[in-house]
$ cat start-v2.csv   # CSV, N, CA and C atoms
chain,number,residue,atom,x,y,z
A,659,MET,N,58.3,59.2,165.0
A,659,MET,CA,59.5,58.5,165.3
A,659,MET,C,60.6,59.5,165.1
A,660,PRO,N,61.4,59.7,166.1
A,660,PRO,CA,62.5,60.7,166.0
A,660,PRO,C,63.6,60.2,165.1
A,661,LEU,N,64.3,61.2,164.5
A,661,LEU,CA,65.5,60.9,163.7
A,661,LEU,C,66.8,61.1,164.5
A,662,HIS,N,67.7,60.1,164.4
A,662,HIS,CA,68.9,60.2,165.2
A,662,HIS,C,70.1,60.1,164.2
A,663,LYS,N,71.1,61.0,164.3
A,663,LYS,CA,72.3,60.9,163.5
A,663,LYS,C,73.4,60.3,164.4
A,664,PHE,N,74.2,59.5,163.7
A,664,PHE,CA,75.3,58.9,164.4
A,664,PHE,C,76.6,59.1,163.6
A,665,ARG,N,77.7,59.4,164.2
A,665,ARG,CA,79.0,59.6,163.6
A,665,ARG,C,79.6,58.2,163.2
A,666,SER,N,79.3,57.2,163.9
A,666,SER,CA,79.8,55.9,163.5
A,666,SER,C,78.8,54.8,164.0
A,667,VAL,N,79.1,53.6,163.5
A,667,VAL,CA,78.2,52.5,163.9
A,667,VAL,C,78.3,52.2,165.4
A,668,GLU,N,79.4,52.4,166.0
A,668,GLU,CA,79.6,52.1,167.4
A,668,GLU,C,78.7,53.0,168.3
A,669,GLU,N,78.3,54.1,167.8
A,669,GLU,CA,77.4,55.0,168.6
A,669,GLU,C,75.9,54.5,168.6
A,670,MET,N,75.6,53.6,167.6
A,670,MET,CA,74.2,53.1,167.5
A,670,MET,C,73.9,52.1,168.6
A,671,GLU,N,72.6,52.1,169.0
A,671,GLU,CA,72.2,51.1,170.0
A,671,GLU,C,72.0,49.8,169.2
A,672,PRO,N,72.2,48.7,169.9
A,672,PRO,CA,72.0,47.4,169.3
A,672,PRO,C,70.5,47.2,168.9
A,673,GLY,N,70.3,46.4,167.8
A,673,GLY,CA,69.0,46.1,167.4
A,673,GLY,C,68.3,45.1,168.3
A,674,PRO,N,67.0,44.8,168.0
A,674,PRO,CA,66.3,43.8,168.8
A,674,PRO,C,66.6,42.4,168.3
A,675,TRP,N,67.8,41.9,168.7
A,675,TRP,CA,68.3,40.6,168.3
A,675,TRP,C,67.6,39.5,169.1
A,676,LEU,N,67.3,38.4,168.5
A,676,LEU,CA,66.7,37.2,169.1
A,676,LEU,C,67.8,36.2,169.2
A,677,PRO,N,67.9,35.5,170.3
A,677,PRO,CA,69.0,34.5,170.4
A,677,PRO,C,68.6,33.2,169.5
A,678,ALA,N,69.7,32.5,169.1
A,678,ALA,CA,69.5,31.3,168.3
A,678,ALA,C,68.6,30.4,169.1
A,679,GLY,N,67.6,29.8,168.3
A,679,GLY,CA,66.7,28.8,168.9
A,679,GLY,C,65.5,29.5,169.5
A,680,HIS,N,65.4,30.8,169.5
A,680,HIS,CA,64.2,31.5,170.1
A,680,HIS,C,63.0,31.1,169.2
A,681,PRO,N,61.8,30.8,169.8
A,681,PRO,CA,60.6,30.4,169.0
A,681,PRO,C,60.2,31.5,168.0
A,682,ALA,N,60.4,32.8,168.3
A,682,ALA,CA,59.9,33.8,167.4
A,682,ALA,C,60.9,34.1,166.2
A,683,LEU,N,62.1,33.5,166.3
A,683,LEU,CA,63.1,33.8,165.3
A,683,LEU,C,62.7,33.3,163.9
A,684,ALA,N,62.3,32.1,163.8
A,684,ALA,CA,61.8,31.5,162.6
A,684,ALA,C,60.7,32.3,162.0
A,685,ARG,N,59.8,32.7,162.8
A,685,ARG,CA,58.6,33.5,162.3
A,685,ARG,C,59.1,34.9,161.8
A,686,ALA,N,60.1,35.5,162.5
A,686,ALA,CA,60.6,36.8,162.0
A,686,ALA,C,61.3,36.6,160.7
A,687,ILE,N,62.1,35.6,160.6
A,687,ILE,CA,62.8,35.4,159.3
A,687,ILE,C,61.9,35.1,158.2
A,688,ARG,N,60.8,34.3,158.4
A,688,ARG,CA,59.8,34.1,157.3
A,688,ARG,C,59.2,35.4,156.9
A,689,GLY,N,58.9,36.3,157.9
A,689,GLY,CA,58.3,37.6,157.6
A,689,GLY,C,59.1,38.4,156.8
A,690,VAL,N,60.4,38.5,157.1
A,690,VAL,CA,61.4,39.3,156.3
A,690,VAL,C,61.5,38.7,154.9
A,691,TRP,N,61.6,37.4,154.7
A,691,TRP,CA,61.7,36.8,153.4
A,691,TRP,C,60.4,37.1,152.6
A,692,ALA,N,59.2,37.0,153.2
A,692,ALA,CA,58.0,37.2,152.5
A,692,ALA,C,57.9,38.6,152.1
A,693,PHE,N,58.3,39.6,152.9
A,693,PHE,CA,58.3,41.0,152.5
A,693,PHE,C,59.2,41.2,151.3
A,694,GLY,N,60.4,40.7,151.4
A,694,GLY,CA,61.3,40.8,150.3
A,694,GLY,C,60.8,40.2,149.0
A,695,THR,N,60.1,39.1,149.1
A,695,THR,CA,59.6,38.4,147.9
A,695,THR,C,58.5,39.3,147.3
A,696,ARG,N,57.7,39.9,148.1
A,696,ARG,CA,56.6,40.7,147.6
A,696,ARG,C,57.1,42.0,147.0
A,697,THR,N,58.1,42.6,147.6
A,697,THR,CA,58.5,44.0,147.2
A,697,THR,C,59.7,44.0,146.3
A,698,LEU,N,60.6,43.1,146.4
A,698,LEU,CA,61.9,43.2,145.7
A,698,LEU,C,62.2,42.1,144.7
A,699,ARG,N,61.1,41.4,144.3
A,699,ARG,CA,61.3,40.2,143.4
A,699,ARG,C,61.9,40.7,142.1
A,700,PRO,N,63.1,40.1,141.8
A,700,PRO,CA,63.7,40.6,140.5
A,700,PRO,C,62.8,40.2,139.3
A,701,GLN,N,62.7,41.1,138.4
A,701,GLN,CA,61.9,40.9,137.2
A,701,GLN,C,62.7,41.2,136.0
A,702,PHE,N,63.3,40.2,135.4
A,702,PHE,CA,64.0,40.4,134.1
A,702,PHE,C,63.5,39.4,133.2
A,703,PRO,N,63.7,39.6,131.9
A,703,PRO,CA,63.2,38.7,130.9
A,703,PRO,C,63.9,37.3,131.0
A,704,PRO,N,63.1,36.3,130.8
A,704,PRO,CA,63.7,34.9,130.9
A,704,PRO,C,64.7,34.7,129.8
A,705,GLY,N,65.6,33.7,130.1
A,705,GLY,CA,66.5,33.3,129.1
A,705,GLY,C,67.9,33.8,129.4
A,706,LEU,N,68.8,33.4,128.5
A,706,LEU,CA,70.2,33.7,128.6
A,706,LEU,C,70.5,35.0,127.8
A,707,HIS,N,71.2,35.9,128.5
A,707,HIS,CA,71.5,37.2,127.9
A,707,HIS,C,73.0,37.4,127.8
A,708,ARG,N,73.5,37.5,126.5
A,708,ARG,CA,74.9,37.7,126.3
A,708,ARG,C,75.2,39.1,126.0
A,709,HIS,N,76.3,39.6,126.5
A,709,HIS,CA,76.7,41.0,126.3
A,709,HIS,C,78.2,41.0,125.9
A,710,ARG,N,78.5,42.0,125.1
A,710,ARG,CA,79.9,42.1,124.6
A,710,ARG,C,80.8,42.7,125.7
A,711,SER,N,80.2,43.5,126.6
A,711,SER,CA,81.1,44.1,127.6
A,711,SER,C,80.3,44.2,128.9
A,712,PHE,N,81.0,44.5,130.0
A,712,PHE,CA,80.4,44.7,131.3
A,712,PHE,C,79.5,45.9,131.2
A,713,GLU,N,79.9,47.0,130.5
A,713,GLU,CA,79.1,48.2,130.4
A,713,GLU,C,77.8,47.9,129.7
A,714,GLU,N,77.8,47.1,128.7
A,714,GLU,CA,76.6,46.7,128.0
A,714,GLU,C,75.6,45.9,128.9
A,715,ALA,N,76.2,45.0,129.7
A,715,ALA,CA,75.4,44.3,130.6
A,715,ALA,C,74.8,45.2,131.7
A,716,GLU,N,75.6,46.1,132.2
A,716,GLU,CA,75.0,47.1,133.2
A,716,GLU,C,73.9,47.9,132.6
A,717,ALA,N,74.1,48.4,131.4
A,717,ALA,CA,73.1,49.2,130.7
A,717,ALA,C,71.8,48.4,130.6
A,718,CYS,N,71.9,47.2,130.2
A,718,CYS,CA,70.7,46.3,130.0
A,718,CYS,C,70.0,46.1,131.4
A,719,ALA,N,70.8,45.8,132.4
A,719,ALA,CA,70.2,45.6,133.8
A,719,ALA,C,69.5,46.9,134.2
A,720,GLU,N,70.1,48.0,134.0
A,720,GLU,CA,69.5,49.3,134.4
A,720,GLU,C,68.2,49.5,133.6
A,721,ALA,N,68.1,49.2,132.4
A,721,ALA,CA,66.9,49.3,131.6
A,721,ALA,C,65.8,48.4,132.2
A,722,TRP,N,66.2,47.2,132.5
A,722,TRP,CA,65.2,46.3,133.2
A,722,TRP,C,64.7,46.9,134.5
A,723,GLU,N,65.6,47.5,135.3
A,723,GLU,CA,65.2,48.0,136.5
A,723,GLU,C,64.3,49.3,136.4
A,724,ARG,N,64.6,50.1,135.4
A,724,ARG,CA,63.8,51.3,135.1
A,724,ARG,C,62.4,50.8,134.7
A,725,GLU,N,62.3,49.8,133.9
A,725,GLU,CA,61.0,49.3,133.5
A,725,GLU,C,60.2,48.7,134.6
A,726,ARG,N,60.9,48.0,135.5
A,726,ARG,CA,60.3,47.4,136.7
A,726,ARG,C,59.7,48.5,137.6
A,727,PHE,N,60.5,49.6,137.8
A,727,PHE,CA,60.1,50.7,138.6
A,727,PHE,C,58.9,51.4,138.0
A,728,ARG,N,59.0,51.6,136.7
A,728,ARG,CA,57.8,52.2,136.0
A,728,ARG,C,56.5,51.4,136.2
A,729,ARG,N,56.6,50.1,136.0
A,729,ARG,CA,55.4,49.2,136.3
A,729,ARG,C,54.9,49.3,137.7
A,730,ALA,N,55.9,49.3,138.6
A,730,ALA,CA,55.5,49.4,140.1
A,730,ALA,C,54.8,50.7,140.4
A,731,ARG,N,55.3,51.8,139.8
A,731,ARG,CA,54.7,53.1,140.0
A,731,ARG,C,53.3,53.1,139.4
A,732,ARG,N,53.1,52.6,138.2
A,732,ARG,CA,51.8,52.5,137.6
A,732,ARG,C,50.8,51.7,138.4
A,733,ALA,N,51.3,50.6,138.9
A,733,ALA,CA,50.4,49.7,139.7
A,733,ALA,C,50.0,50.4,141.0
A,734,ALA,N,50.9,51.2,141.6
A,734,ALA,CA,50.6,51.9,142.9
A,734,ALA,C,49.5,53.0,142.7
A,735,ARG,N,49.3,53.5,141.5
A,735,ARG,CA,48.3,54.6,141.4
A,735,ARG,C,46.9,54.1,141.5

$ encode --input "start-v2.csv" --output "C-alpha coordinates"
Amino acid sequence: MPLHKFRSVEEMEPGPWLPAGHPALARAIRGVWAFGTRTLRPQFPPGLHRHRSFEEAEACAEAWERERFRRARRAAR
(Lines of atoms letter the chains of each structure in order from A and count residues from 1; the text may use other names and numbers.)
(Lines give C-alpha, C1' and ligand atoms only; values in the text may rest on other atoms or scores of the structure.)
Protein backbone atom coordinates (compact mmCIF):
# COMPACT_ATOMS: atom_id res chain seq x y z
CA MET A 1 0.00 0.00 0.00
CA PRO A 2 1.56 3.32 -0.99
CA LEU A 3 2.12 6.09 1.52
CA HIS A 4 0.68 9.52 0.66
CA LYS A 5 1.52 12.80 2.37
CA PHE A 6 -0.98 15.63 2.51
CA ARG A 7 -0.44 19.26 3.45
CA SER A 8 -4.01 19.61 4.65
CA VAL A 9 -7.19 17.60 5.14
CA GLU A 10 -8.71 19.23 2.06
CA GLU A 11 -6.15 17.43 -0.15
CA MET A 12 -7.27 14.02 1.10
CA GLU A 13 -9.71 11.89 -0.87
CA PRO A 14 -13.01 11.21 0.89
CA GLY A 15 -13.32 7.89 2.68
CA PRO A 16 -15.70 5.06 1.78
CA TRP A 17 -18.79 6.55 3.42
CA LEU A 18 -22.06 4.64 3.43
CA PRO A 19 -25.30 6.60 3.26
CA ALA A 20 -27.65 6.54 6.24
CA GLY A 21 -29.92 3.51 6.12
CA HIS A 22 -27.53 1.46 3.96
CA PRO A 23 -27.81 -2.26 4.90
CA ALA A 24 -24.03 -2.64 5.35
CA LEU A 25 -23.73 0.37 7.68
CA ALA A 26 -24.94 -1.39 10.83
CA ARG A 27 -22.63 -4.34 10.14
CA ALA A 28 -19.66 -1.98 9.64
CA ILE A 29 -20.41 -0.15 12.89
CA ARG A 30 -20.69 -3.43 14.80
CA GLY A 31 -17.35 -4.51 13.36
CA VAL A 32 -15.62 -1.32 14.44
CA TRP A 33 -17.07 -1.54 17.95
CA ALA A 34 -16.12 -5.23 18.26
CA PHE A 35 -12.55 -4.44 17.16
CA GLY A 36 -12.33 -1.60 19.68
CA THR A 37 -13.68 -3.80 22.45
CA ARG A 38 -11.10 -6.49 21.71
CA THR A 39 -8.12 -4.20 21.38
CA LEU A 40 -8.72 -1.05 23.40
CA ARG A 41 -10.76 -2.20 26.36
CA PRO A 42 -9.82 0.04 29.29
CA GLN A 43 -8.35 -1.96 32.12
CA PHE A 44 -8.03 -0.17 35.40
CA PRO A 45 -8.58 -1.39 38.95
CA PRO A 46 -12.22 -1.40 40.04
CA GLY A 47 -13.49 1.04 42.60
CA LEU A 48 -13.31 4.73 43.32
CA HIS A 49 -9.89 6.34 43.12
CA ARG A 50 -9.35 9.69 44.80
CA HIS A 51 -6.42 11.91 44.04
CA ARG A 52 -5.15 15.08 45.66
CA SER A 53 -4.30 16.73 42.36
CA PHE A 54 -4.76 16.40 38.62
CA GLU A 55 -1.07 15.52 38.28
CA GLU A 56 -1.45 12.64 40.75
CA ALA A 57 -4.49 11.34 38.83
CA GLU A 58 -2.57 11.55 35.53
CA ALA A 59 0.40 9.69 37.03
CA CYS A 60 -1.92 6.97 38.30
CA ALA A 61 -3.65 6.62 34.92
CA GLU A 62 -0.26 6.44 33.17
CA ALA A 63 0.85 3.68 35.54
CA TRP A 64 -2.31 1.70 34.73
CA GLU A 65 -1.69 2.21 31.01
CA ARG A 66 1.96 1.08 31.30
CA GLU A 67 0.84 -2.05 33.13
CA ARG A 68 -1.84 -2.77 30.50
CA PHE A 69 0.72 -2.32 27.73
CA ARG A 70 3.20 -4.59 29.52
CA ARG A 71 0.55 -7.32 29.87
CA ALA A 72 -0.49 -6.98 26.23
CA ARG A 73 3.13 -7.32 25.04
CA ARG A 74 3.63 -10.37 27.25
CA ALA A 75 0.44 -11.97 25.89
CA ALA A 76 1.51 -11.32 22.28
CA ARG A 77 4.73 -13.32 22.68

$ atom_distance --input "start-v2.csv" --atom1 "atom CA of A:Phe693" --atom2 "atom CA of A:His680"
20.9 Å

$ select_by_dssp --input "start-v2.csv" --residues "stretch 678-731 of chain A" --states "helix (DSSP H, G or I)" --output "mmCIF file with N, CA and C atoms, in the frame of the given file"
data_model
loop_
_atom_site.group_PDB
_atom_site.id
_atom_site.type_symbol
_atom_site.label_atom_id
_atom_site.label_comp_id
_atom_site.auth_asym_id
_atom_site.auth_seq_id
_atom_site.Cartn_x
_atom_site.Cartn_y
_atom_site.Cartn_z
ATOM 1 N N PRO A 681 61.800 30.800 169.800
ATOM 2 C CA PRO A 681 60.600 30.400 169.000
ATOM 3 C C PRO A 681 60.200 31.500 168.000
ATOM 4 N N ALA A 682 60.400 32.800 168.300
ATOM 5 C CA ALA A 682 59.900 33.800 167.400
ATOM 6 C C ALA A 682 60.900 34.100 166.200
ATOM 7 N N LEU A 683 62.100 33.500 166.300
ATOM 8 C CA LEU A 683 63.100 33.800 165.300
ATOM 9 C C LEU A 683 62.700 33.300 163.900
ATOM 10 N N ALA A 684 62.300 32.100 163.800
ATOM 11 C CA ALA A 684 61.800 31.500 162.600
ATOM 12 C C ALA A 684 60.700 32.300 162.000
ATOM 13 N N ARG A 685 59.800 32.700 162.800
ATOM 14 C CA ARG A 685 58.600 33.500 162.300
ATOM 15 C C ARG A 685 59.100 34.900 161.800
ATOM 16 N N ALA A 686 60.100 35.500 162.500
ATOM 17 C CA ALA A 686 60.600 36.800 162.000
ATOM 18 C C ALA A 686 61.300 36.600 160.700
ATOM 19 N N ILE A 687 62.100 35.600 160.600
ATOM 20 C CA ILE A 687 62.800 35.400 159.300
ATOM 21 C C ILE A 687 61.900 35.100 158.200
ATOM 22 N N ARG A 688 60.800 34.300 158.400
ATOM 23 C CA ARG A 688 59.800 34.100 157.300
ATOM 24 C C ARG A 688 59.200 35.400 156.900
ATOM 25 N N GLY A 689 58.900 36.300 157.900
ATOM 26 C CA GLY A 689 58.300 37.600 157.600
ATOM 27 C C GLY A 689 59.100 38.400 156.800
ATOM 28 N N VAL A 690 60.400 38.500 157.100
ATOM 29 C CA VAL A 690 61.400 39.300 156.300
ATOM 30 C C VAL A 690 61.500 38.700 154.900
ATOM 31 N N TRP A 691 61.600 37.400 154.700
ATOM 32 C CA TRP A 691 61.700 36.800 153.400
ATOM 33 C C TRP A 691 60.400 37.100 152.600
ATOM 34 N N ALA A 692 59.200 37.000 153.200
ATOM 35 C CA ALA A 692 58.000 37.200 152.500
ATOM 36 C C ALA A 692 57.900 38.600 152.100
ATOM 37 N N PHE A 693 58.300 39.600 152.900
ATOM 38 C CA PHE A 693 58.300 41.000 152.500
ATOM 39 C C PHE A 693 59.200 41.200 151.300
ATOM 40 N N GLY A 694 60.400 40.700 151.400
ATOM 41 C CA GLY A 694 61.300 40.800 150.300
ATOM 42 C C GLY A 694 60.800 40.200 149.000
ATOM 43 N N THR A 695 60.100 39.100 149.100
ATOM 44 C CA THR A 695 59.600 38.400 147.900
ATOM 45 C C THR A 695 58.500 39.300 147.300
ATOM 46 N N ARG A 696 57.700 39.900 148.100
ATOM 47 C CA ARG A 696 56.600 40.700 147.600
ATOM 48 C C ARG A 696 57.100 42.000 147.000
ATOM 49 N N THR A 697 58.100 42.600 147.600
ATOM 50 C CA THR A 697 58.500 44.000 147.200
ATOM 51 C C THR A 697 59.700 44.000 146.300
ATOM 52 N N LEU A 698 60.600 43.100 146.400
ATOM 53 C CA LEU A 698 61.900 43.200 145.700
ATOM 54 C C LEU A 698 62.200 42.100 144.700
ATOM 55 N N PHE A 712 81.000 44.500 130.000
ATOM 56 C CA PHE A 712 80.400 44.700 131.300
ATOM 57 C C PHE A 712 79.500 45.900 131.200
ATOM 58 N N GLU A 713 79.900 47.000 130.500
ATOM 59 C CA GLU A 713 79.100 48.200 130.400
ATOM 60 C C GLU A 713 77.800 47.900 129.700
ATOM 61 N N GLU A 714 77.800 47.100 128.700
ATOM 62 C CA GLU A 714 76.600 46.700 128.000
ATOM 63 C C GLU A 714 75.600 45.900 128.900
ATOM 64 N N ALA A 715 76.200 45.000 129.700
ATOM 65 C CA ALA A 715 75.400 44.300 130.600
ATOM 66 C C ALA A 715 74.800 45.200 131.700
ATOM 67 N N GLU A 716 75.600 46.100 132.200
ATOM 68 C CA GLU A 716 75.000 47.100 133.200
ATOM 69 C C GLU A 716 73.900 47.900 132.600
ATOM 70 N N ALA A 717 74.100 48.400 131.400
ATOM 71 C CA ALA A 717 73.100 49.200 130.700
ATOM 72 C C ALA A 717 71.800 48.400 130.600
ATOM 73 N N CYS A 718 71.900 47.200 130.200
ATOM 74 C CA CYS A 718 70.700 46.300 130.000
ATOM 75 C C CYS A 718 70.000 46.100 131.400
ATOM 76 N N ALA A 719 70.800 45.800 132.400
ATOM 77 C CA ALA A 719 70.200 45.600 133.800
ATOM 78 C C ALA A 719 69.500 46.900 134.200
ATOM 79 N N GLU A 720 70.100 48.000 134.000
ATOM 80 C CA GLU A 720 69.500 49.300 134.400
ATOM 81 C C GLU A 720 68.200 49.500 133.600
ATOM 82 N N ALA A 721 68.100 49.200 132.400
ATOM 83 C CA ALA A 721 66.900 49.300 131.600
ATOM 84 C C ALA A 721 65.800 48.400 132.200
ATOM 85 N N TRP A 722 66.200 47.200 132.500
ATOM 86 C CA TRP A 722 65.200 46.300 133.200
ATOM 87 C C TRP A 722 64.700 46.900 134.500
ATOM 88 N N GLU A 723 65.600 47.500 135.300
ATOM 89 C CA GLU A 723 65.200 48.000 136.500
ATOM 90 C C GLU A 723 64.300 49.300 136.400
ATOM 91 N N ARG A 724 64.600 50.100 135.400
ATOM 92 C CA ARG A 724 63.800 51.300 135.100
ATOM 93 C C ARG A 724 62.400 50.800 134.700
ATOM 94 N N GLU A 725 62.300 49.800 133.900
ATOM 95 C CA GLU A 725 61.000 49.300 133.500
ATOM 96 C C GLU A 725 60.200 48.700 134.600
ATOM 97 N N ARG A 726 60.900 48.000 135.500
ATOM 98 C CA ARG A 726 60.300 47.400 136.700
ATOM 99 C C ARG A 726 59.700 48.500 137.600
ATOM 100 N N PHE A 727 60.500 49.600 137.800
ATOM 101 C CA PHE A 727 60.100 50.700 138.600
ATOM 102 C C PHE A 727 58.900 51.400 138.000
ATOM 103 N N ARG A 728 59.000 51.600 136.700
ATOM 104 C CA ARG A 728 57.800 52.200 136.000
ATOM 105 C C ARG A 728 56.500 51.400 136.200
ATOM 106 N N ARG A 729 56.600 50.100 136.000
ATOM 107 C CA ARG A 729 55.400 49.200 136.300
ATOM 108 C C ARG A 729 54.900 49.300 137.700
ATOM 109 N N ALA A 730 55.900 49.300 138.600
ATOM 110 C CA ALA A 730 55.500 49.400 140.100
ATOM 111 C C ALA A 730 54.800 50.700 140.400
ATOM 112 N N ARG A 731 55.300 51.800 139.800
ATOM 113 C CA ARG A 731 54.700 53.100 140.000
ATOM 114 C C ARG A 731 53.300 53.100 139.400
#

$ atom_distance --input "start-v2.csv" --atom1 "atom N of A:Ala682" --atom2 "atom CA of A:Leu698"
24.9 Å

$ closest_residue --input "start-v2.csv" --among "A:Trp722, A:Leu683, A:Val667, A:Val690" --to "A:Phe702" --atoms "all atoms listed in the file"
A:Trp722

$ atom_distance --input "start-v2.csv" --atom1 "atom C of A:His662" --atom2 "atom C of A:Ala692"
27.5 Å

$ residues_near_point --input "start-v2.csv" --point "(72.7, 40.4, 129.9)" --cutoff "7 Å" --atoms "only C-alpha atoms" --output "JSON, numbers by chain"
{"A": [707, 708, 709, 715, 718, 719]}
